[in-house]
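Coordinates as given in final_12.cif (mmCIF, C-alpha atoms and all ligand atoms):
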data_final
loop_
_atom_site.group_PDB
_atom_site.id
_atom_site.type_symbol
_atom_site.label_atom_id
_atom_site.label_comp_id
_atom_site.auth_asym_id
_atom_site.auth_seq_id
_atom_site.Cartn_x
_atom_site.Cartn_y
_atom_site.Cartn_z
ATOM 1 C CA MET H 1 104.717 116.652 98.257
ATOM 2 C CA TYR H 2 107.356 115.893 100.846
ATOM 3 C CA SER H 3 109.273 112.709 100.172
ATOM 4 C CA VAL H 4 109.355 109.857 102.676
ATOM 5 C CA ASN H 5 112.502 107.844 103.371
ATOM 6 C CA PRO H 6 112.069 104.185 102.246
ATOM 7 C CA ALA H 7 113.202 103.138 105.756
ATOM 8 C CA VAL H 8 109.900 104.440 107.194
ATOM 9 C CA LYS H 9 107.412 103.287 104.578
ATOM 10 C CA PHE H 10 106.431 100.065 102.892
ATOM 11 C CA SER H 11 106.908 99.852 99.138
ATOM 12 C CA TYR H 12 103.966 100.808 96.937
ATOM 13 C CA GLU H 13 103.070 97.138 96.520
ATOM 14 C CA MET H 14 102.567 96.792 100.291
ATOM 15 C CA ALA H 15 101.004 100.188 101.020
ATOM 16 C CA LYS H 16 98.560 100.370 98.109
ATOM 17 C CA GLY H 17 94.893 99.462 98.380
ATOM 18 C CA SER H 18 92.038 100.873 100.417
ATOM 19 C CA GLN H 19 92.312 101.838 104.074
ATOM 20 C CA LYS H 20 90.291 98.721 104.900
ATOM 21 C CA GLN H 21 92.754 96.456 103.062
ATOM 22 C CA ARG H 22 95.702 98.100 104.777
ATOM 23 C CA ASP H 23 94.024 97.700 108.168
ATOM 24 C CA LEU H 24 93.577 94.009 107.456
ATOM 25 C CA GLY H 25 97.270 93.764 106.522
ATOM 26 C CA LEU H 26 98.051 95.548 109.781
ATOM 27 C CA ARG H 27 96.097 92.956 111.726
ATOM 28 C CA ILE H 28 97.791 90.020 109.997
ATOM 29 C CA LEU H 29 101.282 91.435 110.599
ATOM 30 C CA THR H 30 100.439 92.296 114.226
ATOM 31 C CA ASP H 31 99.284 88.738 114.921
ATOM 32 C CA GLU H 32 102.447 87.403 113.369
ATOM 33 C CA VAL H 33 104.646 89.587 115.602
ATOM 34 C CA PHE H 34 102.663 88.378 118.624
ATOM 35 C CA ASN H 35 102.905 84.691 117.671
ATOM 36 C CA ARG H 36 106.618 84.937 116.986
ATOM 37 C CA SER H 37 107.240 86.875 120.225
ATOM 38 C CA MET H 38 105.392 84.309 122.325
ATOM 39 C CA ALA H 39 107.014 81.295 120.667
ATOM 40 C CA SER H 40 109.897 81.445 123.136
ATOM 41 C CA ALA H 41 107.949 82.865 126.122
ATOM 42 C CA ASN H 42 107.787 81.194 129.492
ATOM 43 C CA GLU H 43 105.021 81.857 132.061
ATOM 44 C CA GLU H 44 106.565 85.096 133.229
ATOM 45 C CA TYR H 45 108.566 86.793 130.524
ATOM 46 C CA ILE H 46 110.011 86.976 127.037
ATOM 47 C CA TYR H 47 113.438 88.242 126.062
ATOM 48 C CA LEU H 48 113.680 91.696 124.515
ATOM 49 C CA LYS H 49 115.851 90.245 121.742
ATOM 50 C CA ASP H 50 113.086 87.775 120.820
ATOM 51 C CA TYR H 51 110.572 90.624 120.575
ATOM 52 C CA LYS H 52 112.942 92.561 118.303
ATOM 53 C CA LYS H 53 113.592 89.460 116.204
ATOM 54 C CA ALA H 54 109.855 88.761 115.967
ATOM 55 C CA ILE H 55 109.304 92.209 114.438
ATOM 56 C CA LYS H 56 112.271 91.874 112.091
ATOM 57 C CA ASP H 57 111.247 88.404 110.903
ATOM 58 C CA THR H 58 107.647 89.509 110.349
ATOM 59 C CA LEU H 59 108.497 92.508 108.160
ATOM 60 C CA PRO H 60 108.383 91.581 104.480
ATOM 61 C CA GLU H 61 110.822 94.441 103.810
ATOM 62 C CA LYS H 62 113.755 95.672 105.872
ATOM 63 C CA LYS H 63 112.956 98.891 107.816
ATOM 64 C CA ARG H 64 114.836 100.994 110.330
ATOM 65 C CA LEU H 65 113.686 100.425 113.908
ATOM 66 C CA MET H 66 115.230 101.073 117.301
ATOM 67 C CA VAL H 67 113.761 99.528 120.465
ATOM 68 C CA THR H 68 114.509 100.975 123.890
ATOM 69 C CA GLY H 69 113.073 100.717 127.365
ATOM 70 C CA ILE H 70 110.796 103.152 129.134
ATOM 71 C CA ARG H 71 109.845 103.824 132.735
ATOM 72 C CA GLY H 72 107.522 106.590 133.695
ATOM 73 C CA VAL H 73 104.120 108.025 133.062
ATOM 74 C CA TYR H 74 103.606 106.474 129.651
ATOM 75 C CA GLU H 75 103.156 102.783 129.123
ATOM 76 C CA GLY H 76 105.003 102.814 125.828
ATOM 77 C CA ALA H 77 105.678 105.073 122.880
ATOM 78 C CA ARG H 78 106.477 105.190 119.180
ATOM 79 C CA LYS H 79 108.538 108.045 117.823
ATOM 80 C CA PHE H 80 110.256 109.093 114.633
ATOM 81 C CA LEU H 81 114.049 109.127 114.406
ATOM 82 C CA TYR H 82 115.529 112.243 112.773
ATOM 83 C CA ASN H 83 118.940 112.762 111.208
ATOM 84 C CA LYS H 84 121.044 115.925 111.525
ATOM 85 C CA ALA H 85 119.248 117.479 108.564
ATOM 86 C CA ASP H 86 115.943 117.059 110.448
ATOM 87 C CA GLU H 87 114.722 114.338 108.101
ATOM 88 C CA ILE H 88 112.738 111.328 109.317
ATOM 89 C CA VAL H 89 114.982 108.297 108.848
ATOM 90 C CA GLY H 90 113.475 105.633 111.089
ATOM 91 C CA GLN H 91 111.230 104.803 114.006
ATOM 92 C CA MET H 92 111.787 104.073 117.663
ATOM 93 C CA LEU H 93 109.675 102.003 120.020
ATOM 94 C CA GLN H 94 109.869 102.532 123.755
ATOM 95 C CA VAL H 95 108.508 99.578 125.690
ATOM 96 C CA PRO H 96 108.332 98.541 129.363
ATOM 97 C CA LYS H 97 111.369 96.329 129.887
ATOM 98 C CA TYR H 98 113.467 95.266 132.834
ATOM 99 C CA SER H 99 117.058 94.868 131.747
ATOM 100 C CA GLU H 100 116.730 92.503 128.777
ATOM 101 C CA ILE H 101 113.374 91.088 129.800
ATOM 102 C CA ILE H 102 109.748 91.961 129.037
ATOM 103 C CA ARG H 103 107.170 90.637 131.509
ATOM 104 C CA VAL H 104 104.274 88.795 129.843
ATOM 105 C CA GLU H 105 101.729 91.277 131.236
ATOM 106 C CA ASP H 106 103.613 94.029 129.354
ATOM 107 C CA VAL H 107 103.501 92.154 126.033
ATOM 108 C CA PRO H 108 100.131 93.776 125.076
ATOM 109 C CA THR H 109 101.739 97.224 125.409
ATOM 110 C CA CYS H 110 104.641 96.062 123.225
ATOM 111 C CA ILE H 111 102.125 94.878 120.627
ATOM 112 C CA HIS H 112 100.246 98.197 120.877
ATOM 113 C CA GLU H 113 103.439 100.039 119.893
ATOM 114 C CA VAL H 114 104.073 97.576 117.057
ATOM 115 C CA VAL H 115 100.651 98.485 115.653
ATOM 116 C CA HIS H 116 101.693 102.164 115.534
ATOM 117 C CA PHE H 117 104.999 101.204 113.896
ATOM 118 C CA LEU H 118 103.304 99.085 111.195
ATOM 119 C CA ASP H 119 100.478 101.580 110.698
ATOM 120 C CA THR H 120 103.091 104.242 109.936
ATOM 121 C CA LEU H 121 104.813 101.976 107.386
ATOM 122 C CA LEU H 122 101.441 101.332 105.743
ATOM 123 C CA ASN H 123 100.459 105.032 105.576
ATOM 124 C CA PRO H 124 103.339 107.009 104.005
ATOM 125 C CA LYS H 125 101.077 109.986 103.250
ATOM 126 C CA THR H 126 100.740 110.673 106.955
ATOM 127 C CA THR H 127 104.527 110.638 107.334
ATOM 128 C CA ALA H 128 104.868 113.051 104.395
ATOM 129 C CA ARG H 129 102.401 115.360 106.128
ATOM 130 C CA ALA H 130 104.210 115.046 109.465
ATOM 131 C CA THR H 131 107.452 115.989 107.683
ATOM 132 C CA LYS H 132 105.818 119.060 106.198
ATOM 133 C CA MET H 133 104.320 120.118 109.544
ATOM 134 C CA TYR H 134 107.628 119.542 111.307
ATOM 135 C CA LYS H 135 109.514 121.642 108.730
ATOM 136 C CA LYS H 136 106.909 124.396 108.944
ATOM 137 C CA LYS H 137 107.336 124.257 112.757
ATOM 138 C CA MET H 138 103.617 123.673 113.167
ATOM 139 C CA TYR H 139 104.232 121.309 116.087
ATOM 140 C CA ASP H 140 106.041 124.131 117.882
ATOM 141 C CA ASP H 141 102.727 125.921 118.402
ATOM 142 C CA LYS H 142 102.449 125.991 122.211
ATOM 143 C CA LYS H 143 98.784 125.059 122.073
ATOM 144 C CA PHE H 144 99.303 121.987 119.890
ATOM 145 C CA LYS H 145 100.521 119.575 122.560
ATOM 146 C CA PRO H 146 97.836 120.473 125.112
ATOM 147 C CA LEU H 147 95.143 120.046 122.440
ATOM 148 C CA LEU H 148 96.454 116.602 121.583
ATOM 149 C CA GLU H 149 97.292 115.373 125.068
ATOM 150 C CA ASN H 150 94.686 116.989 127.312
ATOM 151 C CA SER H 151 91.756 117.234 124.967
ATOM 152 C CA LEU H 152 91.966 114.445 122.394
ATOM 153 C CA TYR H 153 93.966 111.844 124.354
ATOM 154 C CA HIS H 154 91.578 112.312 127.227
ATOM 155 C CA LYS H 155 89.847 109.422 128.921
ATOM 156 C CA GLU H 156 86.211 110.490 128.861
ATOM 157 C CA VAL H 157 83.560 109.869 131.499
ATOM 158 C CA PHE H 158 80.013 109.266 130.274
ATOM 159 C CA ASP H 159 76.953 107.181 130.981
ATOM 160 C CA THR H 160 74.504 108.060 128.254
ATOM 161 C CA VAL H 161 74.500 108.670 124.493
ATOM 162 C CA GLN H 162 73.537 112.276 125.274
ATOM 163 C CA GLU H 163 76.637 112.714 127.436
ATOM 164 C CA LYS H 164 78.818 111.220 124.712
ATOM 165 C CA GLN H 165 77.460 113.740 122.221
ATOM 166 C CA GLU H 166 78.109 116.584 124.630
ATOM 167 C CA ILE H 167 81.718 115.478 125.058
ATOM 168 C CA ILE H 168 82.243 115.358 121.291
ATOM 169 C CA GLU H 169 80.672 118.837 120.926
ATOM 170 C CA HIS H 170 83.033 120.148 123.601
ATOM 171 C CA ARG H 171 86.110 118.570 121.956
ATOM 172 C CA LYS H 172 84.981 119.907 118.576
ATOM 173 C CA LYS H 173 84.837 123.462 119.961
ATOM 174 C CA GLN H 174 88.364 123.068 121.389
ATOM 175 C CA VAL H 175 89.721 121.956 117.997
ATOM 176 C CA GLU H 176 87.917 124.770 116.167
ATOM 177 C CA LYS H 177 89.277 127.313 118.630
ATOM 178 C CA PHE H 178 92.788 126.040 117.953
ATOM 179 C CA LEU H 179 92.274 126.362 114.183
ATOM 180 C CA GLU H 180 91.017 129.944 114.363
ATOM 181 C CA GLY H 181 93.037 132.378 112.235
ATOM 182 C CA LYS H 182 95.083 129.683 110.474
ATOM 183 C CA SER H 183 95.249 129.290 106.691
ATOM 184 C CA VAL H 184 92.969 126.749 105.035
ATOM 185 C CA GLU H 185 95.986 124.641 104.041
ATOM 186 C CA ASP H 186 97.300 124.542 107.615
ATOM 187 C CA LYS H 187 93.858 123.789 108.996
ATOM 188 C CA ILE H 188 93.454 120.786 106.704
ATOM 189 C CA ASP H 189 96.938 119.478 107.520
ATOM 190 C CA ILE H 190 96.308 119.778 111.262
ATOM 191 C CA ILE H 191 92.927 118.072 110.996
ATOM 192 C CA GLN H 192 94.351 115.186 108.955
ATOM 193 C CA ASP H 193 97.300 114.792 111.304
ATOM 194 C CA LEU H 194 95.105 114.689 114.418
ATOM 195 C CA ARG H 195 92.681 112.375 112.688
ATOM 196 C CA PHE H 196 95.451 109.887 111.942
ATOM 197 C CA ASP H 197 96.475 110.063 115.624
ATOM 198 C CA MET H 198 92.947 109.120 116.677
ATOM 199 C CA GLN H 199 92.647 106.384 114.038
ATOM 200 C CA THR H 200 95.983 104.786 114.856
ATOM 201 C CA GLU H 201 95.149 104.816 118.589
ATOM 202 C CA TYR H 202 91.842 103.152 117.859
ATOM 203 C CA LYS H 203 93.668 100.442 115.890
ATOM 204 C CA ALA H 204 96.400 100.047 118.496
ATOM 205 C CA PHE H 205 93.945 99.638 121.372
ATOM 206 C CA SER H 206 91.618 97.325 119.406
ATOM 207 C CA ASN H 207 94.458 95.063 118.266
ATOM 208 C CA GLU H 208 95.931 95.138 121.759
ATOM 209 C CA ARG H 209 92.605 94.107 123.248
ATOM 210 C CA ARG H 210 92.288 91.158 120.874
ATOM 211 C CA ILE H 211 95.771 90.007 121.923
ATOM 212 C CA VAL H 212 95.017 90.505 125.644
ATOM 213 C CA ASN H 213 91.933 88.330 125.346
ATOM 214 C CA ARG H 214 93.942 85.618 123.634
ATOM 215 C CA MET H 215 96.587 85.753 126.350
ATOM 216 C CA TYR H 216 93.926 85.656 129.061
ATOM 217 C CA ASP H 217 92.358 82.573 127.458
ATOM 218 C CA LEU H 218 95.785 80.932 127.285
ATOM 219 C CA GLY H 219 96.203 81.482 131.037
ATOM 220 C CA TYR H 220 98.816 84.236 130.976
ATOM 221 C CA GLU H 221 98.868 87.013 133.555
ATOM 222 C CA VAL H 222 97.286 90.211 132.175
ATOM 223 C CA TYR H 223 96.511 93.624 133.662
ATOM 224 C CA PRO H 224 92.744 93.864 134.401
ATOM 225 C CA GLN H 225 92.536 97.343 132.807
ATOM 226 C CA ASP H 226 93.883 95.894 129.535
ATOM 227 C CA LEU H 227 90.763 93.731 129.238
ATOM 228 C CA LYS H 228 88.581 96.858 129.129
ATOM 229 C CA ASN H 229 87.467 98.615 125.963
ATOM 230 C CA ARG H 230 90.073 101.356 126.212
ATOM 231 C CA ALA H 231 89.599 102.657 122.650
ATOM 232 C CA GLY H 232 85.977 103.251 123.673
ATOM 233 C CA GLU H 233 86.918 104.982 126.927
ATOM 234 C CA TYR H 234 88.951 107.540 124.998
ATOM 235 C CA MET H 235 86.288 107.742 122.256
ATOM 236 C CA PHE H 236 89.015 107.578 119.590
ATOM 237 C CA LYS H 237 86.657 106.452 116.840
ATOM 238 C CA GLU H 238 84.129 109.192 117.589
ATOM 239 C CA LYS H 239 86.874 111.813 117.753
ATOM 240 C CA ALA H 240 88.310 110.701 114.377
ATOM 241 C CA GLU H 241 84.812 111.082 112.895
ATOM 242 C CA MET H 242 84.393 114.511 114.510
ATOM 243 C CA LEU H 243 87.716 115.657 112.976
ATOM 244 C CA LYS H 244 86.659 114.354 109.574
ATOM 245 C CA ASN H 245 83.480 116.450 109.808
ATOM 246 C CA ILE H 246 85.436 119.578 110.726
ATOM 247 C CA GLY H 247 87.620 118.960 107.649
ATOM 248 C CA LEU H 248 84.587 118.552 105.389
ATOM 249 C CA ASP H 249 83.114 121.808 106.765
ATOM 250 C CA ILE H 250 86.331 123.696 106.019
ATOM 251 C CA ILE H 251 86.450 122.365 102.457
ATOM 252 C CA SER H 252 82.793 123.125 101.735
ATOM 253 C CA LYS H 253 83.176 126.687 103.095
ATOM 254 C CA GLU H 254 86.266 127.143 100.941
ATOM 255 C CA ARG H 255 84.365 125.963 97.853
ATOM 256 C CA LYS H 256 81.579 128.457 98.549
ATOM 257 C CA ASN H 257 84.098 131.280 98.917
ATOM 258 C CA TYR H 258 85.738 130.328 95.662
ATOM 259 C CA ALA H 259 82.420 130.125 93.812
ATOM 260 C CA GLU H 260 81.597 133.604 95.150
ATOM 261 C CA CYS H 261 84.972 134.880 93.859
ATOM 262 C CA ILE H 262 84.222 133.549 90.380
ATOM 263 C CA ARG H 263 80.720 135.064 90.442
ATOM 264 C CA GLN H 264 82.085 138.504 91.401
ATOM 265 C CA ALA H 265 84.851 138.335 88.785
ATOM 266 C CA LYS H 266 82.224 137.610 86.135
ATOM 267 C CA ASN H 267 80.038 140.503 87.326
ATOM 268 C CA ASN H 268 82.966 142.892 87.188
ATOM 269 C CA GLN H 269 83.649 142.146 83.564
ATOM 270 C CA PRO H 270 82.714 145.074 81.283
HETATM 271 ZN ZN ZN F 1 99.142 104.312 121.334
#
Translate this structure into structure tokens?
Amino acid sequence: MYSVNPAVKFSYEMAKGSQKQRDLGLRILTDEVFNRSMASANEEYIYLKDYKKAIKDTLPEKKRLMVTGIRGVYEGARKFLYNKADEIVGQMLQVPKYSEIIRVEDVPTCIHEVVHFLDTLLNPKTTARATKMYKKKMYDDKKFKPLLENSLYHKEVFDTVQEKQEIIEHRKKQVEKFLEGKSVEDKIDIIQDLRFDMQTEYKAFSNERRIVNRMYDLGYEVYPQDLKNRAGEYMFKEKAEMLKNIGLDIISKERKNYAECIRQAKNNQP
């Protein structure tokens, strides 16, 4: 197993427990960051330094985090920080900021990125896997990024349950095509990695939406699109489930192959 730097994971005490317990912890910490961030807000903005301090004061353990601004096609981002030896040593959040100020309508995006940051701290196994995939240059596969960005991070259009199923079938075929010819170990790692991406997006958008609704009720300016069920539009939950099923299929096929190997070995015995 690849080791994970303590600066990017919570201690065992914090990260133990079921996924459900960790997701509850995630929600509690997210709300605390939001409350602390808004404590010094006025009607229009908060200071970037107060957002950073809110995160720092919420964390029960000290972790490495860099916060920078972003302008462009993405609303925000969370990334790993690497050292010269290509090891993950921290995390970076990119948030919409103007000089040293974050507008209140951008606070939900800032909270969305905090969810990813905390979710990573709570799930060190996923960081260990990302380290392994990075070292094996699996992310360098030219088809990896398009699969993730154009197929899985795709806002889907559907009206009926039937159409939803068809979309999932289509996405499933795209993932299976990508996996073709890879080793079982690589296939499982890729599936688990993509599945975490879908799960963490689902959590980020759901937590963000809860915060947006609170802000709306409190009379703050919010973007109308942020009030929508965006996790649902991207079908993140359904895609995570679809990936899980692909993984189960791979494992059951592998078991059958292995059982067949044993059977043949026994038959070949004199
Ligand atoms: Zn996200």
* To do: Using the chain letters and numbers from the file, give me the residues hit by the PyMOL selection byres (((not hetatm)) within 12 of (chain F and resi 1)), as a VMD selection string.
  => chain H and resid 74 to 79 93 to 95 108 to 117 119 149 153 196 to 208 230 to 231 234 236
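Ranking H:Ala130, H:Ile190, H:Thr120, H:Ile46 by their shortest atom-to-atom distance to Lys97 of chain H, with all atoms listed in the file included, puts H:Ile46 first.
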Can you pull out the residues contacting Asn245 of chain H? Cut-off 12 Å, using all atoms listed in the file, and skip same-chain residues under 5 positions away; I want them as a PDB file with C-alpha atoms, keeping the file's coordinate frame.
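Dumped to part_0.pdb:
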ATOM      1  CA  ILE H 168      82.243 115.358 121.291  1.00  0.00           C
ATOM      2  CA  GLU H 169      80.672 118.837 120.926  1.00  0.00           C
ATOM      3  CA  LYS H 172      84.981 119.907 118.576  1.00  0.00           C
ATOM      4  CA  VAL H 175      89.721 121.956 117.997  1.00  0.00           C
ATOM      5  CA  GLU H 176      87.917 124.770 116.167  1.00  0.00           C
ATOM      6  CA  ILE H 188      93.454 120.786 106.704  1.00  0.00           C
ATOM      7  CA  ILE H 191      92.927 118.072 110.996  1.00  0.00           C
ATOM      8  CA  GLN H 192      94.351 115.186 108.955  1.00  0.00           C
ATOM      9  CA  ARG H 195      92.681 112.375 112.688  1.00  0.00           C
ATOM     10  CA  GLU H 238      84.129 109.192 117.589  1.00  0.00           C
ATOM     11  CA  LYS H 239      86.874 111.813 117.753  1.00  0.00           C
ATOM     12  CA  ALA H 240      88.310 110.701 114.377  1.00  0.00           C
ATOM     13  CA  ILE H 250      86.331 123.696 106.019  1.00  0.00           C
ATOM     14  CA  ILE H 251      86.450 122.365 102.457  1.00  0.00           C
ATOM     15  CA  SER H 252      82.793 123.125 101.735  1.00  0.00           C
TER      16      SER H 252
END
* Asked: What does the PyMOL selection byres (((chain H and resi 105) around 8) and not hetatm) select in this file, as a list in words?
  -> Arg103, Val104, Asp106, Val107, Pro108, Tyr220, Glu221, Val222 and Tyr223 of chain H
* Asked: Can you tell me, as a PyMOL selection string, what residues are no more than 10 Å from Pro6 of chain H when counting all atoms listed in the file, ignoring any on the same chain fewer than 6 positions away?
  -> chain H and resi 61-64+89-90+121+124
Please return segment 181-206 of chain H, rebuilt to N, CA and C atoms, as a JSON list (two decimals), in the coordinates of the input.
[["chain", "number", "residue", "atom", "x", "y", "z"],
["H", 181, "GLY", "N", 92.00, 131.47, 112.75],
["H", 181, "GLY", "CA", 93.04, 132.38, 112.24],
["H", 181, "GLY", "C", 94.11, 131.71, 111.40],
["H", 182, "LYS", "N", 94.06, 130.38, 111.28],
["H", 182, "LYS", "CA", 95.08, 129.68, 110.47],
["H", 182, "LYS", "C", 94.63, 129.61, 109.01],
["H", 183, "SER", "N", 95.60, 129.40, 108.11],
["H", 183, "SER", "CA", 95.25, 129.29, 106.69],
["H", 183, "SER", "C", 94.48, 127.98, 106.45],
["H", 184, "VAL", "N", 93.75, 127.95, 105.36],
["H", 184, "VAL", "CA", 92.97, 126.75, 105.04],
["H", 184, "VAL", "C", 93.90, 125.54, 104.89],
["H", 185, "GLU", "N", 95.03, 125.75, 104.24],
["H", 185, "GLU", "CA", 95.99, 124.64, 104.04],
["H", 185, "GLU", "C", 96.47, 124.09, 105.39],
["H", 186, "ASP", "N", 96.84, 124.98, 106.29],
["H", 186, "ASP", "CA", 97.30, 124.54, 107.62],
["H", 186, "ASP", "C", 96.18, 123.83, 108.39],
["H", 187, "LYS", "N", 95.00, 124.40, 108.29],
["H", 187, "LYS", "CA", 93.86, 123.79, 109.00],
["H", 187, "LYS", "C", 93.66, 122.35, 108.56],
["H", 188, "ILE", "N", 93.68, 122.13, 107.24],
["H", 188, "ILE", "CA", 93.45, 120.79, 106.70],
["H", 188, "ILE", "C", 94.58, 119.84, 107.14],
["H", 189, "ASP", "N", 95.81, 120.32, 107.09],
["H", 189, "ASP", "CA", 96.94, 119.48, 107.52],
["H", 189, "ASP", "C", 96.80, 119.09, 108.99],
["H", 190, "ILE", "N", 96.45, 120.05, 109.83],
["H", 190, "ILE", "CA", 96.31, 119.78, 111.26],
["H", 190, "ILE", "C", 95.20, 118.76, 111.51],
["H", 191, "ILE", "N", 94.07, 118.99, 110.84],
["H", 191, "ILE", "CA", 92.93, 118.07, 111.00],
["H", 191, "ILE", "C", 93.31, 116.65, 110.59],
["H", 192, "GLN", "N", 93.98, 116.51, 109.44],
["H", 192, "GLN", "CA", 94.35, 115.19, 108.96],
["H", 192, "GLN", "C", 95.37, 114.52, 109.87],
["H", 193, "ASP", "N", 96.27, 115.31, 110.40],
["H", 193, "ASP", "CA", 97.30, 114.79, 111.30],
["H", 193, "ASP", "C", 96.66, 114.28, 112.60],
["H", 194, "LEU", "N", 95.78, 115.08, 113.17],
["H", 194, "LEU", "CA", 95.10, 114.69, 114.42],
["H", 194, "LEU", "C", 94.19, 113.48, 114.18],
["H", 195, "ARG", "N", 93.58, 113.47, 113.01],
["H", 195, "ARG", "CA", 92.68, 112.38, 112.69],
["H", 195, "ARG", "C", 93.45, 111.06, 112.61],
["H", 196, "PHE", "N", 94.63, 111.10, 112.00],
["H", 196, "PHE", "CA", 95.45, 109.89, 111.94],
["H", 196, "PHE", "C", 95.83, 109.43, 113.36],
["H", 197, "ASP", "N", 96.15, 110.40, 114.22],
["H", 197, "ASP", "CA", 96.48, 110.06, 115.62],
["H", 197, "ASP", "C", 95.33, 109.29, 116.28],
["H", 198, "MET", "N", 94.12, 109.77, 116.08],
["H", 198, "MET", "CA", 92.95, 109.12, 116.68],
["H", 198, "MET", "C", 92.71, 107.75, 116.06],
["H", 199, "GLN", "N", 92.87, 107.66, 114.73],
["H", 199, "GLN", "CA", 92.65, 106.38, 114.04],
["H", 199, "GLN", "C", 93.67, 105.34, 114.45],
["H", 200, "THR", "N", 94.93, 105.76, 114.53],
["H", 200, "THR", "CA", 95.98, 104.79, 114.86],
["H", 200, "THR", "C", 95.86, 104.34, 116.32],
["H", 201, "GLU", "N", 95.39, 105.23, 117.19],
["H", 201, "GLU", "CA", 95.15, 104.82, 118.59],
["H", 201, "GLU", "C", 94.01, 103.81, 118.65],
["H", 202, "TYR", "N", 92.98, 104.09, 117.88],
["H", 202, "TYR", "CA", 91.84, 103.15, 117.86],
["H", 202, "TYR", "C", 92.33, 101.76, 117.43],
["H", 203, "LYS", "N", 93.15, 101.72, 116.38],
["H", 203, "LYS", "CA", 93.67, 100.44, 115.89],
["H", 203, "LYS", "C", 94.59, 99.79, 116.90],
["H", 204, "ALA", "N", 95.45, 100.60, 117.53],
["H", 204, "ALA", "CA", 96.40, 100.05, 118.50],
["H", 204, "ALA", "C", 95.67, 99.44, 119.69],
["H", 205, "PHE", "N", 94.68, 100.16, 120.21],
["H", 205, "PHE", "CA", 93.94, 99.64, 121.37],
["H", 205, "PHE", "C", 93.06, 98.45, 121.00],
["H", 206, "SER", "N", 92.47, 98.46, 119.79],
["H", 206, "SER", "CA", 91.62, 97.32, 119.41],
["H", 206, "SER", "C", 92.45, 96.07, 119.17]]
